[in-house]
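**Student:** Could you have a look at this structure, given as structure tokens, before my questions?
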Amino acid sequence: MFVRLVYESFRRQKRRKVLAGIAITLGVGVATAMIAVATDIGDKIGRELRSYGANLLVTPQEDTLDLQIGGVDLKPPSDGAYLNDADLPKIRGTFWHHNIVGFSPMLPVNVEVRTEAGTSNPTLLGTYFAKQLSYGKEDFVTGVKITHPWWKVQGAWPDDNSQDVLVGENLASKLSRKAGEQIEIAGQEHRISGVLSTGGAEDGQIVAPLGLAQQILGKPGAVRRLYVSAMTKPEDALARRDPKTMNAELFDRWYCSPYVQSIAYQLQEAIPHSHAEQIRQVAQNEGTVLARIKGLMLLVTLAALFASALAVSAAMATAIFERRSEVGLMKALGAGGASIAALFFVEAALLALMGGVVGFAGGALLARAIGQSIFNSQITIEPVLFPFILAIAVVVTFAGSALAIRRAVNLDPVYALRGEA
Amino acid sequence: MSSRRISDLANHRAGAPHTSMFLRMLVRAALLRRGRAASALLAMVVATGVTTAMLTLYIDVQAKLRKEFRNYGANVVVVAKEGQALPGEALQSVQSVLAGRGLAVPFAYVVARTTDGQSVVVSGTDFDQVRKLDNWWSVTAWPSGAQDALVGARAAAVVTPQGKPFDLSFQGRTIHLNLAGVLRTGATEDSRVYISLQEFEKWTGVSPATIEIAAAGSPEEVGGVVQKLAQLLPSAQVQPVRQIMEGEARVLGKTRATLLAASALIILTSALCVLSTLMGWVFDRRRDFAIMKALGASERLISGFFAAEAAVLGAAGAVLGFAIGVGVAAWIGRANFHAPVVPRFNVLPLILVGSVAVALISAALPMWMLQRVQPAVILRGE
């Protein structure tokens, strides 16, 4: 009899059930999408924050002081120590290599450039543009195109294995050279594949493939410094501790967290005779910006959950309230408060489950669409969320119905049947 | 009651405007069914509150996040062109262009020698300003006295390994400095020694060649500052720091887009909540509707009555909800950005129009359904 009551209620009151179902589906869908977006936003914004460039700098351990003013290196090239570019692919072997977005070696060399206007002595910066490297069986691409996304080239990027160069825009206008023309650097003709604009010191420099800079310097394999762009976890108390003072267990936890400090430590392990340090301007601010945006999305998600919970309860309350005369009839026929409540709760649970399943699927699609259109990457939904969302849907539906059901149970059948309640 | 008094009353009633009856019906309808009216109003208030909070946040988040992004330091750099020095009043010109909306910090550089002949870059600057501009600098103690120097972590190992006072010489002139604090940034600053600009100029006679500027505001406003400075200082090169500007634009754009999507979803959900509650409320009063119709009220009057009711509900809900929403937004601002979000009163008309529109739509739908039904059928309770 009970099953039949529920079945008939769904069969005969399609309009009301559909309305309540739509409300639940929409509420669950919005909640699912918002939870998915909020849980993934840290990762997504973290990736966007990498457009600020490298957050780690690796230098030779025995290096002498930098003599840099306004981006111009005054240090004689014979001075100081170098890293070896053969060690660089080892970065892919570190514990957090998945978090390392890219790296670019830099080798500044002072060169003599001869043009019709006379000779000048700009800095030539050797680096990777989009270099093909391999570590073990894994092939990967890295270079300034990844670590310095604000560098813009008019013309074409040079090939990493070619002898072509980029000329900074200020230098290019001073030497009156354009993309595609030739330039004499250190006694050799080179093709200018493009004009570089960075808004920094490189605008007055020549940027060339690393191999060319090493060849001019006469030191094969030499790298002066290495910029590493890594996705990190915002710093906390553990991150700031000195690893030397930790016990083994704490050290493992520190080592296995993607703090900027622990990634620096692992880079030093991977590259012999190196010293890795966080670039505080990028690394420190990243944490605060990320924390703010994550906090904002969390609060907004709470607002979304609240709004959808309210929508679901309002729809349920209305649906039950409309059925007063039905309650009156059941009561007049001798039904107890418990069986009436049970009927409504079972109906609510069925609606919540159906709305929950459809809403979860819809929300997943919505989250995907948001991820695709805003971040150009997928927002994946953890399957763990499914039972969680379903449980929330049932609880919210019950909570929304509870007050209305209580009133229905307390209803005097006489008034209800006369339509005066 | 005498017939005279009855006719008086009739005259009095006939003279009274129809609006009084209309108003009375509105007020009584709300008072007699307090529970239902209150729940409809509550739904309205919550929905408009959430909407106000989201819109206010969406407008304000840009300003709030920009403030956070200014922690990345200078977004414009003024450098003397090769072979030229910045004019003496350059800093004043920059300050006047900024007009208090940003920071400007001068830097002067020379390469000096330590007593054992090592080269080191020494910079003169304004410590109070640097502290505000570059707050990622990790400094053990900021210098206070005239002879105090802030020494980069790597430079410290060279100039004063034991932390004792040290001498630096530039073109035959020597300065005696105390180590006040050690600076750590992870970049070139680690290899430099910073002293106050006055001492630096007294010692070297070199004036600032670089002014780093953190200009507040949108990319257009910063672009305006760059243009004005380029006109004012023809001997200098004024460059926006693309690394900072582009990163900021990108992250800000994505954050705002996400927030917009979230706001749209939330506003849609709350509008739906209002719609279902109000529809139920109007549908529930089909008996009133039938009685009015049976007593001879015209369709127009009844529609007007329900529409006025919905509009009043929508407007009242919007005003209350706006107040609550402003409070919620202010709380979120304080909790997340440690700065209150200012109420945006230009959101109010939008909220008002939106909520009245939603209320009217939710009243119109059940009305349209009821209009096709005979009053007798409704009154029989079928």
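As shown in the structure tokens, the chain order sets the letters A, B, ...; within each chain, residues go from 1, and ligands are also counted from 1 in the order they appear.
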Which residues are close to A:Leu298, i.e. within 8 Å by only C-alpha atoms, leaving aside same-chain residues fewer than 4 positions away? Reply as an mmCIF file with C-alpha atoms, in the first residue's frame.

**Tutor:**
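Listing of around37.cif after writing:
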```cif
data_model
loop_
_atom_site.group_PDB
_atom_site.id
_atom_site.type_symbol
_atom_site.label_atom_id
_atom_site.label_comp_id
_atom_site.auth_asym_id
_atom_site.auth_seq_id
_atom_site.Cartn_x
_atom_site.Cartn_y
_atom_site.Cartn_z
ATOM 1 C CA ALA A 38 36.763 25.929 -5.830
ATOM 2 C CA LYS A 294 41.363 30.718 -2.871
ATOM 3 C CA LEU A 302 29.653 28.799 0.573
#
```

**Student:** Up to 8 Å from chain A, what residues of chain B turn up? Count only C-alpha atoms and give them as a CSV table (one decimal) with N, CA and C atoms, in the first residue's frame.

**Tutor:**
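Dumped to out.csv:
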```csv
chain,number,residue,atom,x,y,z
B,43,ALA,N,12.4,34.6,1.2
B,43,ALA,CA,13.1,34.1,0.0
B,43,ALA,C,13.6,35.3,-0.8
B,47,ALA,N,17.6,36.0,-1.5
B,47,ALA,CA,18.0,36.0,-2.9
B,47,ALA,C,18.7,37.4,-3.2
B,50,VAL,N,22.1,37.8,-1.4
B,50,VAL,CA,23.2,37.0,-2.0
B,50,VAL,C,23.6,37.7,-3.3
B,54,MET,N,27.3,39.3,-4.2
B,54,MET,CA,28.1,38.8,-5.3
B,54,MET,C,28.4,40.0,-6.3
B,65,LEU,N,42.3,43.0,-5.4
B,65,LEU,CA,43.4,42.2,-5.9
B,65,LEU,C,44.5,43.1,-6.4
B,68,GLU,N,46.8,43.8,-3.8
B,68,GLU,CA,47.7,42.7,-3.5
B,68,GLU,C,48.8,42.6,-4.5
B,69,PHE,N,48.4,42.8,-5.8
B,69,PHE,CA,49.4,42.7,-6.9
B,69,PHE,C,50.5,43.8,-6.8
B,71,ASN,N,52.1,44.4,-4.3
B,71,ASN,CA,53.1,43.9,-3.5
B,71,ASN,C,54.3,43.3,-4.4
B,72,TYR,N,54.0,43.1,-5.7
B,72,TYR,CA,55.0,42.6,-6.5
B,72,TYR,C,56.0,43.7,-6.8
B,73,GLY,N,55.8,44.9,-6.4
B,73,GLY,CA,56.8,46.0,-6.5
B,73,GLY,C,56.5,46.8,-7.7
B,109,TYR,N,73.5,53.9,-8.3
B,109,TYR,CA,74.4,52.8,-8.2
B,109,TYR,C,75.8,53.2,-8.5
B,111,VAL,N,80.0,51.1,-8.6
B,111,VAL,CA,80.8,49.9,-8.2
B,111,VAL,C,81.9,50.4,-7.4
B,119,SER,N,85.3,44.0,-6.0
B,119,SER,CA,84.3,44.9,-6.5
B,119,SER,C,83.0,44.5,-5.9
B,120,VAL,N,82.2,45.6,-5.6
B,120,VAL,CA,80.8,45.3,-5.1
B,120,VAL,C,80.0,46.5,-5.5
B,121,VAL,N,78.7,46.2,-5.9
B,121,VAL,CA,77.8,47.3,-6.3
B,121,VAL,C,77.2,47.9,-5.0
B,134,ASP,N,59.1,47.3,-1.8
B,134,ASP,CA,59.6,45.9,-2.0
B,134,ASP,C,59.4,45.2,-0.7
B,136,TRP,N,58.8,42.3,-0.2
B,136,TRP,CA,59.2,40.9,-0.1
B,136,TRP,C,60.6,40.8,0.3
B,137,TRP,N,61.3,41.9,0.5
B,137,TRP,CA,62.7,41.9,1.0
B,137,TRP,C,62.7,41.3,2.4
B,154,ARG,N,74.8,37.7,0.0
B,154,ARG,CA,76.0,37.3,-0.7
B,154,ARG,C,77.1,38.3,-0.5
B,155,ALA,N,76.7,39.6,-0.6
B,155,ALA,CA,77.7,40.6,-0.4
B,155,ALA,C,78.3,40.6,1.0
B,185,THR,N,66.9,38.5,-1.0
B,185,THR,CA,65.8,38.5,-2.0
B,185,THR,C,65.9,37.4,-3.0
B,186,GLY,N,67.0,36.7,-3.1
B,186,GLY,CA,67.2,35.6,-4.1
B,186,GLY,C,67.5,36.1,-5.4
B,187,ALA,N,67.7,37.5,-5.6
B,187,ALA,CA,68.0,38.0,-6.9
B,187,ALA,C,69.3,38.9,-6.8
B,188,THR,N,69.5,39.8,-7.8
B,188,THR,CA,70.7,40.5,-7.8
B,188,THR,C,70.9,41.4,-6.5
B,191,SER,N,73.7,40.7,-3.9
B,191,SER,CA,75.1,41.0,-4.1
B,191,SER,C,75.4,42.5,-3.9
B,239,GLN,N,59.7,53.0,-18.8
B,239,GLN,CA,59.3,51.7,-19.3
B,239,GLN,C,58.3,51.0,-18.3
B,240,PRO,N,57.2,50.6,-18.8
B,240,PRO,CA,56.4,49.7,-17.9
B,240,PRO,C,57.1,48.4,-17.7
B,241,VAL,N,57.0,47.8,-16.6
B,241,VAL,CA,57.6,46.5,-16.3
B,241,VAL,C,56.6,45.4,-16.8
B,242,ARG,N,56.9,44.9,-18.0
B,242,ARG,CA,55.9,44.0,-18.6
B,242,ARG,C,55.7,42.7,-17.8
B,243,GLN,N,56.7,42.2,-17.2
B,243,GLN,CA,56.6,41.0,-16.4
B,243,GLN,C,55.5,41.2,-15.4
B,244,ILE,N,55.5,42.3,-14.7
B,244,ILE,CA,54.5,42.6,-13.6
B,244,ILE,C,53.1,42.9,-14.2
B,246,GLU,N,51.8,42.2,-17.2
B,246,GLU,CA,51.1,41.2,-17.9
B,246,GLU,C,50.6,40.0,-17.0
B,247,GLY,N,51.5,39.7,-16.0
B,247,GLY,CA,51.1,38.7,-15.1
B,247,GLY,C,49.8,39.1,-14.3
B,250,ARG,N,46.7,39.0,-16.4
B,250,ARG,CA,46.2,37.6,-16.7
B,250,ARG,C,45.5,37.0,-15.5
B,251,VAL,N,46.2,37.1,-14.4
B,251,VAL,CA,45.6,36.5,-13.2
B,251,VAL,C,44.3,37.2,-12.8
B,254,LYS,N,41.4,36.1,-15.2
B,254,LYS,CA,40.9,34.8,-15.0
B,254,LYS,C,40.1,34.8,-13.7
B,255,THR,N,40.6,35.5,-12.7
B,255,THR,CA,39.8,35.5,-11.4
B,255,THR,C,38.5,36.1,-11.6
B,257,ALA,N,36.8,36.4,-14.3
B,257,ALA,CA,35.9,35.5,-15.1
B,257,ALA,C,35.3,34.4,-14.3
B,258,THR,N,36.1,33.8,-13.4
B,258,THR,CA,35.6,32.7,-12.6
B,258,THR,C,34.5,33.3,-11.6
B,259,LEU,N,34.8,34.4,-11.1
B,259,LEU,CA,33.8,35.0,-10.1
B,259,LEU,C,32.5,35.4,-10.8
B,261,ALA,N,31.3,33.8,-13.5
B,261,ALA,CA,30.6,32.6,-13.7
B,261,ALA,C,29.9,32.2,-12.4
B,262,ALA,N,30.6,32.2,-11.3
B,262,ALA,CA,30.0,31.8,-10.0
B,262,ALA,C,28.8,32.7,-9.7
B,265,LEU,N,25.8,31.8,-11.7
B,265,LEU,CA,25.1,30.6,-11.2
B,265,LEU,C,24.3,30.9,-9.9
B,266,ILE,N,24.9,31.7,-9.0
B,266,ILE,CA,24.3,31.9,-7.7
B,266,ILE,C,23.1,32.8,-7.9
B,269,THR,N,20.3,30.6,-9.3
B,269,THR,CA,19.7,29.8,-8.3
B,269,THR,C,18.8,30.5,-7.4
B,270,SER,N,19.2,31.7,-7.0
B,270,SER,CA,18.4,32.5,-6.0
B,270,SER,C,17.1,33.0,-6.7
B,272,LEU,N,15.6,31.4,-9.0
B,272,LEU,CA,14.7,30.3,-9.1
B,272,LEU,C,14.0,30.0,-7.8
B,273,CYS,N,14.8,30.2,-6.7
B,273,CYS,CA,14.2,30.0,-5.4
B,273,CYS,C,13.0,31.0,-5.2
B,274,VAL,N,13.2,32.2,-5.5
B,274,VAL,CA,12.2,33.2,-5.4
B,274,VAL,C,11.0,32.8,-6.3
B,276,SER,N,10.0,29.9,-7.3
B,276,SER,CA,9.2,28.8,-6.9
B,276,SER,C,8.4,29.2,-5.6
B,277,THR,N,9.0,30.0,-4.7
B,277,THR,CA,8.2,30.4,-3.5
B,277,THR,C,7.1,31.2,-3.9
B,280,GLY,N,4.2,29.5,-5.6
B,280,GLY,CA,3.4,28.7,-4.7
B,280,GLY,C,2.5,29.7,-3.9
B,284,ASP,N,-1.5,29.4,-4.2
B,284,ASP,CA,-2.2,29.1,-3.0
B,284,ASP,C,-3.4,29.9,-2.7
B,332,ILE,N,33.0,39.5,4.0
B,332,ILE,CA,33.9,38.7,3.2
B,332,ILE,C,35.2,39.6,2.9
B,336,ASN,N,38.7,38.1,4.1
B,336,ASN,CA,39.6,37.6,3.1
B,336,ASN,C,40.7,38.6,2.7
B,337,PHE,N,40.3,39.9,2.6
B,337,PHE,CA,41.3,40.9,2.1
B,337,PHE,C,41.7,41.8,3.3
B,381,GLY,N,-13.1,23.7,-4.6
B,381,GLY,CA,-11.9,23.1,-4.1
B,381,GLY,C,-11.4,22.0,-5.0
```

**Student:** Please indicate the distance in Å from atom CA of B:Gly296 to atom CA of B:Phe22, rounded to one decimal place.

**Tutor:**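 Those two atoms sit 14.9 Å apart.
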
**Student:** Quick one: pull the distance between atom CA of A:Val346 and atom CA of A:Val396, Å, one decimal.

**Tutor:**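 Distance reported for this atom pair: 13.9 Å.
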
**Student:** Given the choices A:Val394, A:Leu171, A:Ala54, A:Leu329, which gets closest to A:Val260 if the distance is worked out from only C-alpha atoms?

**Tutor:**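 For A:Val260, the nearest of the candidates is A:Ala54.
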
**Student:** So how far away is atom CA of A:Ile100 from atom CA of A:Ser262, in Å?

**Tutor:**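 Computing the Euclidean distance for atom CA of A:Ser262 and atom CA of A:Ile100 yields 12.5 Å.
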
**Student:** Write out as a JSON list (two decimals) with N, CA and C atoms, in the first residue's frame each polymer residue whose atoms come within 6 Å of A:Ala213, counting only C-alpha atoms; drop sequence neighbours fewer than 3 positions from it.

**Tutor:**
```json
[["chain", "number", "residue", "atom", "x", "y", "z"],
["A", 126, "GLY", "N", 73.04, 34.11, -23.75],
["A", 126, "GLY", "CA", 72.75, 32.78, -24.31],
["A", 126, "GLY", "C", 71.72, 32.08, -23.47],
["A", 210, "LEU", "N", 71.99, 29.15, -26.46],
["A", 210, "LEU", "CA", 73.04, 28.95, -25.46],
["A", 210, "LEU", "C", 74.34, 28.49, -26.13],
["A", 216, "ILE", "N", 81.20, 31.59, -28.30],
["A", 216, "ILE", "CA", 81.87, 32.89, -28.28],
["A", 216, "ILE", "C", 82.77, 33.00, -27.05]]
```

**Student:** Report the residues of stretch 116-156 of chain A whose backbone DSSP state falls under strand (DSSP E), written as a PyMOL selection string.

**Tutor:** chain A and resi 118-120+123-127+131-135+138-142+152-155

**Student:** Save out the residues we just selected, C-alpha atoms, as a PDB file, in the first residue's frame.

**Tutor:**
```pdb
ATOM      1  CA  GLY A 118      80.665  51.927 -35.638  1.00  0.00           C
ATOM      2  CA  THR A 119      81.307  49.318 -32.979  1.00  0.00           C
ATOM      3  CA  SER A 120      79.435  48.811 -29.725  1.00  0.00           C
ATOM      4  CA  THR A 123      75.732  41.928 -23.736  1.00  0.00           C
ATOM      5  CA  LEU A 124      74.881  38.725 -25.569  1.00  0.00           C
ATOM      6  CA  LEU A 125      72.679  36.474 -23.485  1.00  0.00           C
ATOM      7  CA  GLY A 126      72.754  32.783 -24.312  1.00  0.00           C
ATOM      8  CA  THR A 127      69.684  30.776 -23.355  1.00  0.00           C
ATOM      9  CA  LYS A 131      64.875  23.400 -26.318  1.00  0.00           C
ATOM     10  CA  GLN A 132      64.204  19.704 -26.840  1.00  0.00           C
ATOM     11  CA  LEU A 133      65.828  17.777 -24.000  1.00  0.00           C
ATOM     12  CA  SER A 134      65.515  14.252 -22.749  1.00  0.00           C
ATOM     13  CA  TYR A 135      65.933  12.683 -19.339  1.00  0.00           C
ATOM     14  CA  GLU A 138      61.254  11.152 -21.240  1.00  0.00           C
ATOM     15  CA  ASP A 139      61.424  13.951 -23.806  1.00  0.00           C
ATOM     16  CA  PHE A 140      60.492  17.466 -22.820  1.00  0.00           C
ATOM     17  CA  VAL A 141      60.703  21.056 -24.035  1.00  0.00           C
ATOM     18  CA  THR A 142      61.900  23.963 -21.930  1.00  0.00           C
ATOM     19  CA  LYS A 152      57.462  39.120 -27.225  1.00  0.00           C
ATOM     20  CA  VAL A 153      59.221  38.609 -30.526  1.00  0.00           C
ATOM     21  CA  GLN A 154      58.584  40.486 -33.736  1.00  0.00           C
ATOM     22  CA  GLY A 155      59.627  38.075 -36.433  1.00  0.00           C
TER      23      GLY A 155
END
```

**Student:** For each of A:Ala264, A:Ala332, A:Ile271, A:Ala81, take the minimum atom-to-atom distance to A:Trp96, counting only C-alpha atoms, then give the residue where this is smallest.

**Tutor:**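 Of all the options, A:Ala264 lies closest to A:Trp96.
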
**Student:** With only C-alpha atoms as the counted atoms, please give the residues lying no more than 10 Å from A:Ile392, apart from itself and same-chain residues fewer than 5 positions off, as a list of chain:residue names.

**Tutor:**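 So the residues in contact are A:Val28, A:Ala31, A:Leu305, A:Ala309, A:Ala352, A:Gly356, A:Phe386, A:Pro387, A:Thr397, A:Phe398.
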
**Student:** So that I can see what lies close to A:Ser162, please list as a PDB file with N, CA and C atoms, in the first residue's frame the residues with an atom at most 10 Å from it, counting only C-alpha atoms and leaving out residues fewer than 3 positions away in the same chain.

**Tutor:**
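Below is the file that was written, part_19.pdb:
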```
ATOM      1  N   PRO A 158      64.417  32.161 -32.800  1.00  0.00           N
ATOM      2  CA  PRO A 158      65.466  31.361 -33.440  1.00  0.00           C
ATOM      3  C   PRO A 158      65.364  29.899 -33.013  1.00  0.00           C
ATOM      4  N   ASP A 159      65.917  29.027 -33.839  1.00  0.00           N
ATOM      5  CA  ASP A 159      66.002  27.622 -33.453  1.00  0.00           C
ATOM      6  C   ASP A 159      67.148  27.485 -32.455  1.00  0.00           C
ATOM      7  N   VAL A 165      70.033  34.912 -34.029  1.00  0.00           N
ATOM      8  CA  VAL A 165      69.916  35.624 -32.754  1.00  0.00           C
ATOM      9  C   VAL A 165      68.658  36.496 -32.738  1.00  0.00           C
ATOM     10  N   HIS A 190      75.689  36.920 -38.328  1.00  0.00           N
ATOM     11  CA  HIS A 190      74.554  36.125 -37.836  1.00  0.00           C
ATOM     12  C   HIS A 190      73.265  36.738 -38.347  1.00  0.00           C
ATOM     13  N   ARG A 191      72.278  35.856 -38.550  1.00  0.00           N
ATOM     14  CA  ARG A 191      70.993  36.349 -39.016  1.00  0.00           C
ATOM     15  C   ARG A 191      70.143  36.764 -37.807  1.00  0.00           C
ATOM     16  N   ALA A 208      70.727  34.968 -27.734  1.00  0.00           N
ATOM     17  CA  ALA A 208      71.136  33.951 -28.703  1.00  0.00           C
ATOM     18  C   ALA A 208      70.967  32.569 -28.109  1.00  0.00           C
ATOM     19  N   PRO A 209      70.978  31.529 -28.950  1.00  0.00           N
ATOM     20  CA  PRO A 209      70.957  30.175 -28.405  1.00  0.00           C
ATOM     21  C   PRO A 209      72.167  29.962 -27.494  1.00  0.00           C
ATOM     22  N   LEU A 210      71.993  29.147 -26.460  1.00  0.00           N
ATOM     23  CA  LEU A 210      73.042  28.947 -25.464  1.00  0.00           C
ATOM     24  C   LEU A 210      74.338  28.489 -26.128  1.00  0.00           C
ATOM     25  N   GLY A 211      74.233  27.592 -27.109  1.00  0.00           N
ATOM     26  CA  GLY A 211      75.414  27.037 -27.780  1.00  0.00           C
ATOM     27  C   GLY A 211      76.283  28.127 -28.384  1.00  0.00           C
ATOM     28  N   LEU A 212      75.633  29.133 -28.958  1.00  0.00           N
ATOM     29  CA  LEU A 212      76.365  30.224 -29.600  1.00  0.00           C
ATOM     30  C   LEU A 212      77.138  31.040 -28.560  1.00  0.00           C
TER      31      LEU A 212
END
```

**Student:** From the list B:Ala216, B:Ala329, B:Val158, B:Ala310, which residue is nearest B:Leu360 when using only C-alpha atoms?

**Tutor:**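 Counting only C-alpha atoms, the residue closest to B:Leu360 is B:Ala310.
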
**Student:** Would you please give, as number ranges by chain, all residues of stretch 50-231 of chain B that DSSP assigns to helix (DSSP H, G or I) based on the backbone?

**Tutor:** B: 50-72, 90-98, 127-133, 153-159, 188-191, 197-204, 219-231

**Student:** So that I can see what lies close to A:Leu267, please list as a ChimeraX atom specification the residues with an atom at most 9 Å from it, counting only C-alpha atoms and leaving out residues fewer than 6 positions away in the same chain.

**Tutor:** /A:58,90-91,94,274-276

**Student:** Mind writing the picked residues with C-alpha atoms as a PDB file, in the first residue's frame?

**Tutor:**
```pdb
ATOM      1  CA  VAL A  58      70.201  28.453  -9.344  1.00  0.00           C
ATOM      2  CA  LYS A  90      68.575  15.980 -14.116  1.00  0.00           C
ATOM      3  CA  ILE A  91      65.996  18.479 -12.890  1.00  0.00           C
ATOM      4  CA  THR A  94      63.826  15.417  -8.818  1.00  0.00           C
ATOM      5  CA  SER A 274      74.997  24.690  -7.195  1.00  0.00           C
ATOM      6  CA  HIS A 275      73.160  27.034  -4.903  1.00  0.00           C
ATOM      7  CA  ALA A 276      69.397  27.417  -5.361  1.00  0.00           C
TER       8      ALA A 276
END
```

**Student:** Determine the nearest neighbour of A:Arg323 from the options A:Leu390, A:Gly336, A:Ala408, A:Thr147, counting only C-alpha atoms.

**Tutor:** A:Ala408

**Student:** Calculated over only C-alpha atoms, which of the candidates A:Val18, A:Val111, A:Ala117, A:Val207 has the smallest distance to A:Asp160?

**Tutor:** A:Val207
